[in-house]
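Colleague: Here it is, the structure, as structure tokens.
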Amino acid sequence: MARHLITSAIPYINGIKHLGNLVGSQLPADLYARYLRARGHEVLFLCATDEHGTPAELAAAKAGKPVADYCAEMHAVQAELARGFRLSFDHFGRSSSRQNHALTQHFAGKLDAAGLIEEVQEQQVYSNADKRFLPDRYIEGTCPNCGYDKARGDQCENCTKQLDPTDLIAPRSAISGSNDLEVRQTKHLYLRQSVLKDTLDAWIDSKTDWPVLTTSIAKKWLHDGDGLKDRGITRDLDWGIPVRRGKEEWPGMEGKVFYVWFDAPIEYIACASEWSEAQGLDASAWERWWRTDKGADDVRYTQFMGKDNVPFHTLSFPATILGSAEPWKLVDHLKSFNYLTYDGGQFSTSQGRGIFMDQALEILPADYWRWWLLSHAPESSDAEFTWENFQVSVNKDLADVLGNFVSRITKFCRSKFGERVPDGGAFGPDEMDLLHAIQERLGRYEALMQAIEVRKSAQELRAIWASGNEYLQTVAPWSTFKTDPEKAAMQTRLGLNLAHFFGVISSPFVPDASEVILESFGTPAAGWPESANTAVDQLKAGHAFTVPDVLFAKITDEQREKWQSDFSGT
RNA sequence: GGCGUUAUAGCUCAGUUGGUUAGAGCGAACGACUCAUAAUCGUUAGGUCGGUGGUUCAAGUCCACCUAACGCCA
């Protein structure tokens with residue numbers, strides 16, 4: 001059995017994420033992790049919060065808290081929401097961890113030794129009032145092109161012209177509004193990614209099974225204009241990982257920290273170390289996942305992310321790893337997603353537009369969101385969330401097709417045979433047809449899940465649920481019972497086994513409902529079926545069960561209308 | 001402005017390397033069943049595959065141009 005390392009893009013610490021963020025990385029990663037575990041694979045599924053950088057500092061200041069405290073609190077909040085959505089991380093780490101500090105500094109040292117770090121003198125805007133250097137986007141002023149008075153230092157949002165902070169007329173700090181700004185000399189480290197361009201290009205070319213979204217973005221960055229550009233990896237900030245060359249000081253870089261995009265992906269590795277520490281294991285426990293010289297050769301590493309994160313994962317992070325010349329594991333498969341839009345527009349954190357993770361869980365259980373989001377995952381293009389579609393999909397798929405099936409067969413059995421799997425009868429042509437159909441669908445479902453075809457997997461799973469209803473409708477045990485109780489017993493026994501089977505194979509999508517189904521049959525640890533034949537022979541005659549409560553209550557029109565207006569944004 | 005992605009039935013989407021009458025789910029109409037959360041099952045209707053031109057014996061599927069939406073531009 002292969003071992004699988006799975007990481008989800010790490011969410012930024014600054015606030016609660018919306019459903020678009022969730023479906024773009026953490027949720028599909030969880031689906032895949034749960035599936036592989038269910039199939040008996042050894043899985044290490046990691047995620048963390050991305051905690052460094054200016055936005056975190058500003059959010060902390062706004063909350064009136066020290067940035068470290070703020071991050072610790074928000075980490076706890078995000079961890080709780082992850083649990084709420086049943087995200088089955090083996091560890092949910094923090095990019096501010098001791099391990100990440102050490103590892104980030106280690107990589108910088110190795111890259112420098114390999115001649116891949118360049119020291120560059122640059123001019124940057126410094127705010128005397130804020131006592132800090134200002135990133136381009138935190139400088140506001142009047143656009144020289146269109147006269148818009150809230151243009152940012154990197155771009156004018158009104159006329160979309162690319163700008164340099166020094167282009168702005170009457171520049172001011174976006175943080176304090178102060179116009180007491182000056183341009184200062186400062187020194188920064190650049191990662192010479194351009195040196196690795198051909199290596200990265202060849203590596204990307206070898207990945208023929210990646211989504212086009214992934215490779216097209218990577219290729220574009222590699223070949224656009226002058227090709228892959230070097231990137232600054234340091235910043236003049238307080239909050240971050242101090243610039244060091246391994247364990248040594250880095251003369252001339254005192255008081256500076258690594259830029260967040262450099263240390264964030266390294267947290268994928270550091271997180272494994274945090275995991276082994278939390279588990280009370282020694283270093284070899286995590287190194288066998290990450291070091292190809294220490295046992296990670298048989299690991300298959302899959303990353304999940306939204307499309308905005310693709311450049312970092314296809315180019316910058318691989319450049320860091322390859323450039324270190326150390327035997328770190330590179331990503332094998334990279335699954336990227338487009339955006340989820342909300343009633344015709346974008347989700348927006350700043351405008352409070354859309355649905356956020358905490359709000360979602362306040363109105364409905366995780367399974368509802370998991371099902372809708374995964375069955376509508378933005379794989380081939382952006383996907384739109386609408387309340388009407390959500391209501392219809394959830395009611396039909398979960399309540400009618402799956403939930404009602406479990407309900408109808410367990411209640412039928414209870415009324416005719418009692419709460420035990422009935423004995424007697426033998427399979428006939430109808431049953432053979434059903435088994436044949438299910439065997440085929442199960443095989444397709446497994447192949448699609450293996451290939452991380454999220455939407456198609458959901459479709460296939462739904463079709464399997466529907467086959468249960470088709471079967472009952474065809475053989476009609478309620479009629480058979482009147483003339484041939486033995487045969488009705490066989491049909492009912494098969495129906496109950498189908499419900500049990502659905503419970504097992506649905507767990508990656510709807511883990512809570514799956515658990516309820518299996519508990520009602522008293523088989524919480526039921527394993528993945530080897531075939532349709534064994535799947536429908538798990539519950540033997542005489543096996544006791546209880547009728548579960550309604551698995552999925554329907555969303556009413558009143559609820560939908562209320563939520564629609566509650567979440568319309570302002 | 002440059003680049004990229006997308007554009008297929010009312011809605012959400014599938015359509016492998018170009019090859020017989022373009023598919024699914026939802027919604028709609030009709031019918032069946034009555035065990036079940038008025039749930040389920042079946043049948044039917046519905047598309048000149050964004051537009052124009054081209055390559056080919058043959059194009060939704062390749063090429064060019066155009067249009068629209070979305071995104072990225074370090």
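Letters A, B, ... go to the chains of the structure tokens in the order shown; residues in each chain start at 1; ligands are counted from 1 in the same order.
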What are the nearest atom pairs, with distances in Å to one decimal, for all residues of chain A that come at most 8 Å from chain B, using only C-alpha atoms (C1' of nucleotides), set out by chain and rising residue number as CSV?
Modeller:
residue,atom,partner,partner_atom,distance
A:Leu213,CA,B:U5,C1',7.4
A:Ser216,CA,B:G4,C1',7.2
A:Ile217,CA,B:G4,C1',7.2
A:Lys220,CA,B:C3,C1',7.2
A:Asp224,CA,B:C3,C1',7.6
A:Lys229,CA,B:A74,C1',7.7
A:Arg231,CA,B:A74,C1',7.6
A:Asp308,CA,B:C72,C1',7.8
A:Ser381,CA,B:U6,C1',6.1
A:Asp382,CA,B:C70,C1',7.2
A:Val392,CA,B:C26,C1',7.6
A:Ser393,CA,B:C26,C1',7.6
A:Ala399,CA,B:U37,C1',6.8
A:Asp400,CA,B:A39,C1',5.9
A:Gly403,CA,B:U37,C1',7.6
A:Asn404,CA,B:U37,C1',6.0
A:Phe405,CA,B:A36,C1',7.2
A:Ser407,CA,B:A36,C1',6.0
A:Arg408,CA,B:A36,C1',3.7
A:Ile409,CA,B:C35,C1',6.9
A:Lys411,CA,B:A36,C1',7.4
A:Phe412,CA,B:C35,C1',5.1
A:Asn469,CA,B:U40,C1',6.4
A:Glu470,CA,B:C41,C1',6.0
A:Gln473,CA,B:C41,C1',5.6
A:Thr474,CA,B:C41,C1',7.5
A:Pro477,CA,B:C35,C1',7.7
A:Trp478,CA,B:C35,C1',5.9
A:Val550,CA,B:U37,C1',6.8
A:Phe552,CA,B:U37,C1',7.9
A:Ala553,CA,B:U37,C1',6.9
A:Lys554,CA,B:U37,C1',7.6
Colleague: With a distance cut-off of 9 Å and only C-alpha atoms (C1' of nucleotides), select the neighbouring residues of B:C62, excluding the residue or stretch itself and same-chain residues fewer than 3 positions from it, and output the selection as a JSON list (two decimals) with all heavy atoms, in the first residue's frame.
Modeller:
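Wrote selection-v5.json, looks like this:
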[["chain", "number", "residue", "atom", "x", "y", "z"],
["B", 18, "G", "P", -8.00, 13.56, -32.97],
["B", 18, "G", "OP1", -8.21, 12.23, -33.61],
["B", 18, "G", "OP2", -7.58, 14.69, -33.77],
["B", 18, "G", "O5'", -9.32, 14.02, -32.19],
["B", 18, "G", "C5'", -10.37, 13.16, -31.97],
["B", 18, "G", "C4'", -11.56, 13.60, -32.83],
["B", 18, "G", "O4'", -11.14, 14.64, -33.73],
["B", 18, "G", "C3'", -12.02, 12.49, -33.77],
["B", 18, "G", "O3'", -12.84, 11.54, -33.07],
["B", 18, "G", "C2'", -12.74, 13.28, -34.87],
["B", 18, "G", "O2'", -14.07, 13.63, -34.51],
["B", 18, "G", "C1'", -11.91, 14.56, -34.91],
["B", 18, "G", "N9", -11.03, 14.70, -36.07],
["B", 18, "G", "C8", -9.70, 14.43, -36.16],
["B", 18, "G", "N7", -9.18, 14.73, -37.33],
["B", 18, "G", "C5", -10.25, 15.22, -38.07],
["B", 18, "G", "C6", -10.31, 15.71, -39.40],
["B", 18, "G", "O6", -9.39, 15.82, -40.22],
["B", 18, "G", "N1", -11.60, 16.10, -39.72],
["B", 18, "G", "C2", -12.67, 16.04, -38.90],
["B", 18, "G", "N2", -13.82, 16.46, -39.42],
["B", 18, "G", "N3", -12.63, 15.60, -37.66],
["B", 18, "G", "C4", -11.40, 15.21, -37.30],
["B", 55, "U", "P", -10.68, 24.97, -46.97],
["B", 55, "U", "OP1", -9.99, 24.91, -48.27],
["B", 55, "U", "OP2", -12.10, 24.58, -46.85],
["B", 55, "U", "O5'", -9.84, 24.12, -45.93],
["B", 55, "U", "C5'", -8.42, 24.23, -45.88],
["B", 55, "U", "C4'", -7.85, 23.20, -44.93],
["B", 55, "U", "O4'", -8.30, 23.49, -43.58],
["B", 55, "U", "C3'", -8.33, 21.78, -45.18],
["B", 55, "U", "O3'", -7.58, 21.15, -46.20],
["B", 55, "U", "C2'", -8.12, 21.13, -43.81],
["B", 55, "U", "O2'", -6.76, 20.79, -43.60],
["B", 55, "U", "C1'", -8.50, 22.28, -42.88],
["B", 55, "U", "N1", -9.93, 22.22, -42.48],
["B", 55, "U", "C2", -10.25, 21.38, -41.44],
["B", 55, "U", "O2", -9.45, 20.70, -40.85],
["B", 55, "U", "N3", -11.59, 21.36, -41.12],
["B", 55, "U", "C4", -12.60, 22.08, -41.72],
["B", 55, "U", "O4", -13.76, 21.96, -41.31],
["B", 55, "U", "C5", -12.17, 22.93, -42.79],
["B", 55, "U", "C6", -10.88, 22.97, -43.14],
["B", 59, "A", "P", -17.41, 18.03, -40.93],
["B", 59, "A", "OP1", -18.68, 18.81, -40.87],
["B", 59, "A", "OP2", -16.28, 18.54, -41.73],
["B", 59, "A", "O5'", -16.89, 17.71, -39.46],
["B", 59, "A", "C5'", -17.79, 17.26, -38.44],
["B", 59, "A", "C4'", -17.47, 17.97, -37.14],
["B", 59, "A", "O4'", -16.07, 17.72, -36.88],
["B", 59, "A", "C3'", -17.60, 19.48, -37.26],
["B", 59, "A", "O3'", -18.90, 19.93, -36.91],
["B", 59, "A", "C2'", -16.47, 20.02, -36.36],
["B", 59, "A", "O2'", -16.90, 20.25, -35.04],
["B", 59, "A", "C1'", -15.45, 18.90, -36.38],
["B", 59, "A", "N9", -14.25, 19.15, -37.17],
["B", 59, "A", "C8", -14.13, 19.74, -38.39],
["B", 59, "A", "N7", -12.90, 19.79, -38.85],
["B", 59, "A", "C5", -12.17, 19.19, -37.83],
["B", 59, "A", "C6", -10.80, 18.92, -37.69],
["B", 59, "A", "N6", -9.87, 19.23, -38.60],
["B", 59, "A", "N1", -10.40, 18.32, -36.56],
["B", 59, "A", "C2", -11.32, 18.00, -35.66],
["B", 59, "A", "N3", -12.62, 18.19, -35.68],
["B", 59, "A", "C4", -12.98, 18.80, -36.80]]
Colleague: Residues of stretch 327-532 of chain A classed as alpha helix (DSSP H) by DSSP on the backbone are to be reported as number ranges by chain.
Modeller: A: 357-363, 366-375, 387-393, 404-416, 429-450, 454-475, 477-483, 485-505, 511-520, 532
Colleague: Would you please work out which residue, of A:Val120, A:Val510, A:Met305, A:Ala29, is nearest to A:Gly252 when using only C-alpha atoms?
Modeller: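 Of the candidates, the smallest distance to A:Gly252 is held by A:Val120.
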Colleague: Residues near stretch 279-286 of chain A, anyone? I mean within 10 Å using only C-alpha atoms (C1' of nucleotides), not counting same-chain ones fewer than 2 positions away, as a VMD selection string.
Modeller: chain A and resid 44 90 to 91 269 to 277 288 to 291 294 to 296
Colleague: Just write the chosen residues, N, CA, C and O atoms, as a PDB file, in the first residue's frame.
Modeller:
ATOM      1  N   LEU A  44      -0.761  10.965   5.522  1.00  0.00           N
ATOM      2  CA  LEU A  44      -0.437  12.083   6.405  1.00  0.00           C
ATOM      3  C   LEU A  44      -1.014  13.329   5.737  1.00  0.00           C
ATOM      4  O   LEU A  44      -0.557  13.742   4.666  1.00  0.00           O
ATOM      5  N   ASP A  90      -4.238  15.471   9.963  1.00  0.00           N
ATOM      6  CA  ASP A  90      -3.463  14.769  10.985  1.00  0.00           C
ATOM      7  C   ASP A  90      -2.794  15.792  11.887  1.00  0.00           C
ATOM      8  O   ASP A  90      -2.530  15.523  13.048  1.00  0.00           O
ATOM      9  N   HIS A  91      -2.526  16.962  11.305  1.00  0.00           N
ATOM     10  CA  HIS A  91      -2.036  18.058  12.139  1.00  0.00           C
ATOM     11  C   HIS A  91      -2.390  19.382  11.479  1.00  0.00           C
ATOM     12  O   HIS A  91      -2.282  19.531  10.265  1.00  0.00           O
ATOM     13  N   ILE A 269       6.530  21.334   5.313  1.00  0.00           N
ATOM     14  CA  ILE A 269       7.519  20.403   5.851  1.00  0.00           C
ATOM     15  C   ILE A 269       7.560  20.532   7.376  1.00  0.00           C
ATOM     16  O   ILE A 269       7.497  19.538   8.103  1.00  0.00           O
ATOM     17  N   ALA A 270       7.636  21.773   7.826  1.00  0.00           N
ATOM     18  CA  ALA A 270       7.730  22.009   9.277  1.00  0.00           C
ATOM     19  C   ALA A 270       6.515  21.426   9.989  1.00  0.00           C
ATOM     20  O   ALA A 270       6.607  20.931  11.115  1.00  0.00           O
ATOM     21  N   CYS A 271       5.377  21.469   9.297  1.00  0.00           N
ATOM     22  CA  CYS A 271       4.141  20.965   9.894  1.00  0.00           C
ATOM     23  C   CYS A 271       4.249  19.469  10.210  1.00  0.00           C
ATOM     24  O   CYS A 271       3.719  18.991  11.210  1.00  0.00           O
ATOM     25  N   ALA A 272       4.952  18.759   9.346  1.00  0.00           N
ATOM     26  CA  ALA A 272       5.146  17.325   9.601  1.00  0.00           C
ATOM     27  C   ALA A 272       5.968  17.140  10.869  1.00  0.00           C
ATOM     28  O   ALA A 272       5.732  16.221  11.668  1.00  0.00           O
ATOM     29  N   SER A 273       6.913  18.025  11.046  1.00  0.00           N
ATOM     30  CA  SER A 273       7.734  17.970  12.260  1.00  0.00           C
ATOM     31  C   SER A 273       6.892  18.319  13.490  1.00  0.00           C
ATOM     32  O   SER A 273       7.010  17.680  14.542  1.00  0.00           O
ATOM     33  N   GLU A 274       6.030  19.325  13.346  1.00  0.00           N
ATOM     34  CA  GLU A 274       5.120  19.673  14.450  1.00  0.00           C
ATOM     35  C   GLU A 274       4.227  18.477  14.783  1.00  0.00           C
ATOM     36  O   GLU A 274       3.940  18.195  15.944  1.00  0.00           O
ATOM     37  N   TRP A 275       3.788  17.799  13.727  1.00  0.00           N
ATOM     38  CA  TRP A 275       2.929  16.619  13.905  1.00  0.00           C
ATOM     39  C   TRP A 275       3.642  15.546  14.716  1.00  0.00           C
ATOM     40  O   TRP A 275       3.099  15.021  15.694  1.00  0.00           O
ATOM     41  N   SER A 276       4.888  15.235  14.333  1.00  0.00           N
ATOM     42  CA  SER A 276       5.575  14.151  15.039  1.00  0.00           C
ATOM     43  C   SER A 276       5.827  14.532  16.494  1.00  0.00           C
ATOM     44  O   SER A 276       5.730  13.694  17.388  1.00  0.00           O
ATOM     45  N   GLU A 277       6.092  15.818  16.723  1.00  0.00           N
ATOM     46  CA  GLU A 277       6.282  16.265  18.104  1.00  0.00           C
ATOM     47  C   GLU A 277       4.980  16.121  18.894  1.00  0.00           C
ATOM     48  O   GLU A 277       4.973  15.612  20.014  1.00  0.00           O
ATOM     49  N   ARG A 288      10.532  10.418   7.300  1.00  0.00           N
ATOM     50  CA  ARG A 288      10.202   9.366   6.337  1.00  0.00           C
ATOM     51  C   ARG A 288       9.076   9.793   5.397  1.00  0.00           C
ATOM     52  O   ARG A 288       8.733   9.111   4.442  1.00  0.00           O
ATOM     53  N   TRP A 289       8.468  10.955   5.692  1.00  0.00           N
ATOM     54  CA  TRP A 289       7.472  11.513   4.780  1.00  0.00           C
ATOM     55  C   TRP A 289       8.073  12.547   3.848  1.00  0.00           C
ATOM     56  O   TRP A 289       7.493  12.869   2.809  1.00  0.00           O
ATOM     57  N   TRP A 290       9.197  13.116   4.237  1.00  0.00           N
ATOM     58  CA  TRP A 290       9.710  14.255   3.489  1.00  0.00           C
ATOM     59  C   TRP A 290      11.103  14.088   2.893  1.00  0.00           C
ATOM     60  O   TRP A 290      11.460  14.782   1.942  1.00  0.00           O
ATOM     61  N   ARG A 291      11.888  13.194   3.489  1.00  0.00           N
ATOM     62  CA  ARG A 291      13.254  13.045   2.989  1.00  0.00           C
ATOM     63  C   ARG A 291      13.357  11.767   2.173  1.00  0.00           C
ATOM     64  O   ARG A 291      13.157  10.677   2.701  1.00  0.00           O
ATOM     65  N   LYS A 294      15.492   9.222   3.524  1.00  0.00           N
ATOM     66  CA  LYS A 294      15.098   8.628   4.802  1.00  0.00           C
ATOM     67  C   LYS A 294      13.733   7.959   4.715  1.00  0.00           C
ATOM     68  O   LYS A 294      12.916   8.032   5.633  1.00  0.00           O
ATOM     69  N   GLY A 295      13.472   7.392   3.569  1.00  0.00           N
ATOM     70  CA  GLY A 295      12.268   6.565   3.444  1.00  0.00           C
ATOM     71  C   GLY A 295      11.104   7.171   2.690  1.00  0.00           C
ATOM     72  O   GLY A 295      10.075   6.529   2.520  1.00  0.00           O
ATOM     73  N   ALA A 296      11.247   8.417   2.200  1.00  0.00           N
ATOM     74  CA  ALA A 296      10.099   9.057   1.530  1.00  0.00           C
ATOM     75  C   ALA A 296      10.018   8.717   0.037  1.00  0.00           C
ATOM     76  O   ALA A 296       9.193   9.285  -0.675  1.00  0.00           O
TER      77      ALA A 296
END
Colleague: When you count only C-alpha atoms (C1' of nucleotides), which of these residues is closest to B:G19: B:U43, B:G31, B:U61, B:C49?
Modeller: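 Using only C-alpha atoms (C1' of nucleotides), B:G19 sits closest to B:U61.
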Colleague: Could you name the residues that touch stretch 51-53 of chain B at 9 Å or less, counting only C-alpha atoms (C1' of nucleotides), but leaving out those on the same chain fewer than 4 positions away, as a list in words?
Modeller: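 Neighbouring residues, sequence-local ones excluded: A64, C65, C66 and U67 of chain B.
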Colleague: With C-alpha atoms (C1' of nucleotides) kept, could you save the residues just selected as a compact mmCIF listing (two decimals), in the first residue's frame?
Modeller:
# COMPACT_ATOMS: atom_id res chain seq x y z
C1' A B 64 -7.57 31.67 -37.80
C1' C B 65 -10.27 35.83 -36.57
C1' C B 66 -14.28 37.98 -33.70
C1' U B 67 -17.60 38.45 -29.31
Colleague: Within 12 Å of A:Phe262, counting only C-alpha atoms (C1' of nucleotides), which residues show up once you throw out same-chain ones fewer than 2 positions away? Write them as a PyMOL selection string, please.
Modeller: chain A and resi 50+52-53+95+100-101+103-105+107-108+189-191+231-235+240-241+243+257-260+264-268+312-313+315-321
Colleague: Show me, as a list of chain:residue names, the residues that have an atom within 12 Å of A:Pro365 when counting only C-alpha atoms (C1' of nucleotides), minus same-chain residues fewer than 5 positions from it.
Modeller: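 So, after excluding close chain neighbours, the residues are A:Leu81, A:Arg83, A:Gly84, A:Phe85, A:Arg86, A:Met357, A:Asp358, A:Gln359, A:Ala360, A:Arg370, A:Trp371, A:Trp372, A:Val394, A:Val510, A:Pro511, A:Asp512, A:Ala513, A:Leu551, A:Phe552, A:Ala553, A:Lys554, A:Ile555.
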Colleague: Find the residue from B:A29, B:U44, B:G50, B:G60 that sits nearest to B:G15; use only C-alpha atoms (C1' of nucleotides) when measuring.
Modeller: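 Smallest distance to B:G15 is found for B:G60.
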Colleague: Distance atom CA of A:Gly522-atom CA of A:Ser88, one decimal place?
Modeller: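 If I compute the distance from atom CA of A:Gly522 to atom CA of A:Ser88, I get 22.8 Å.
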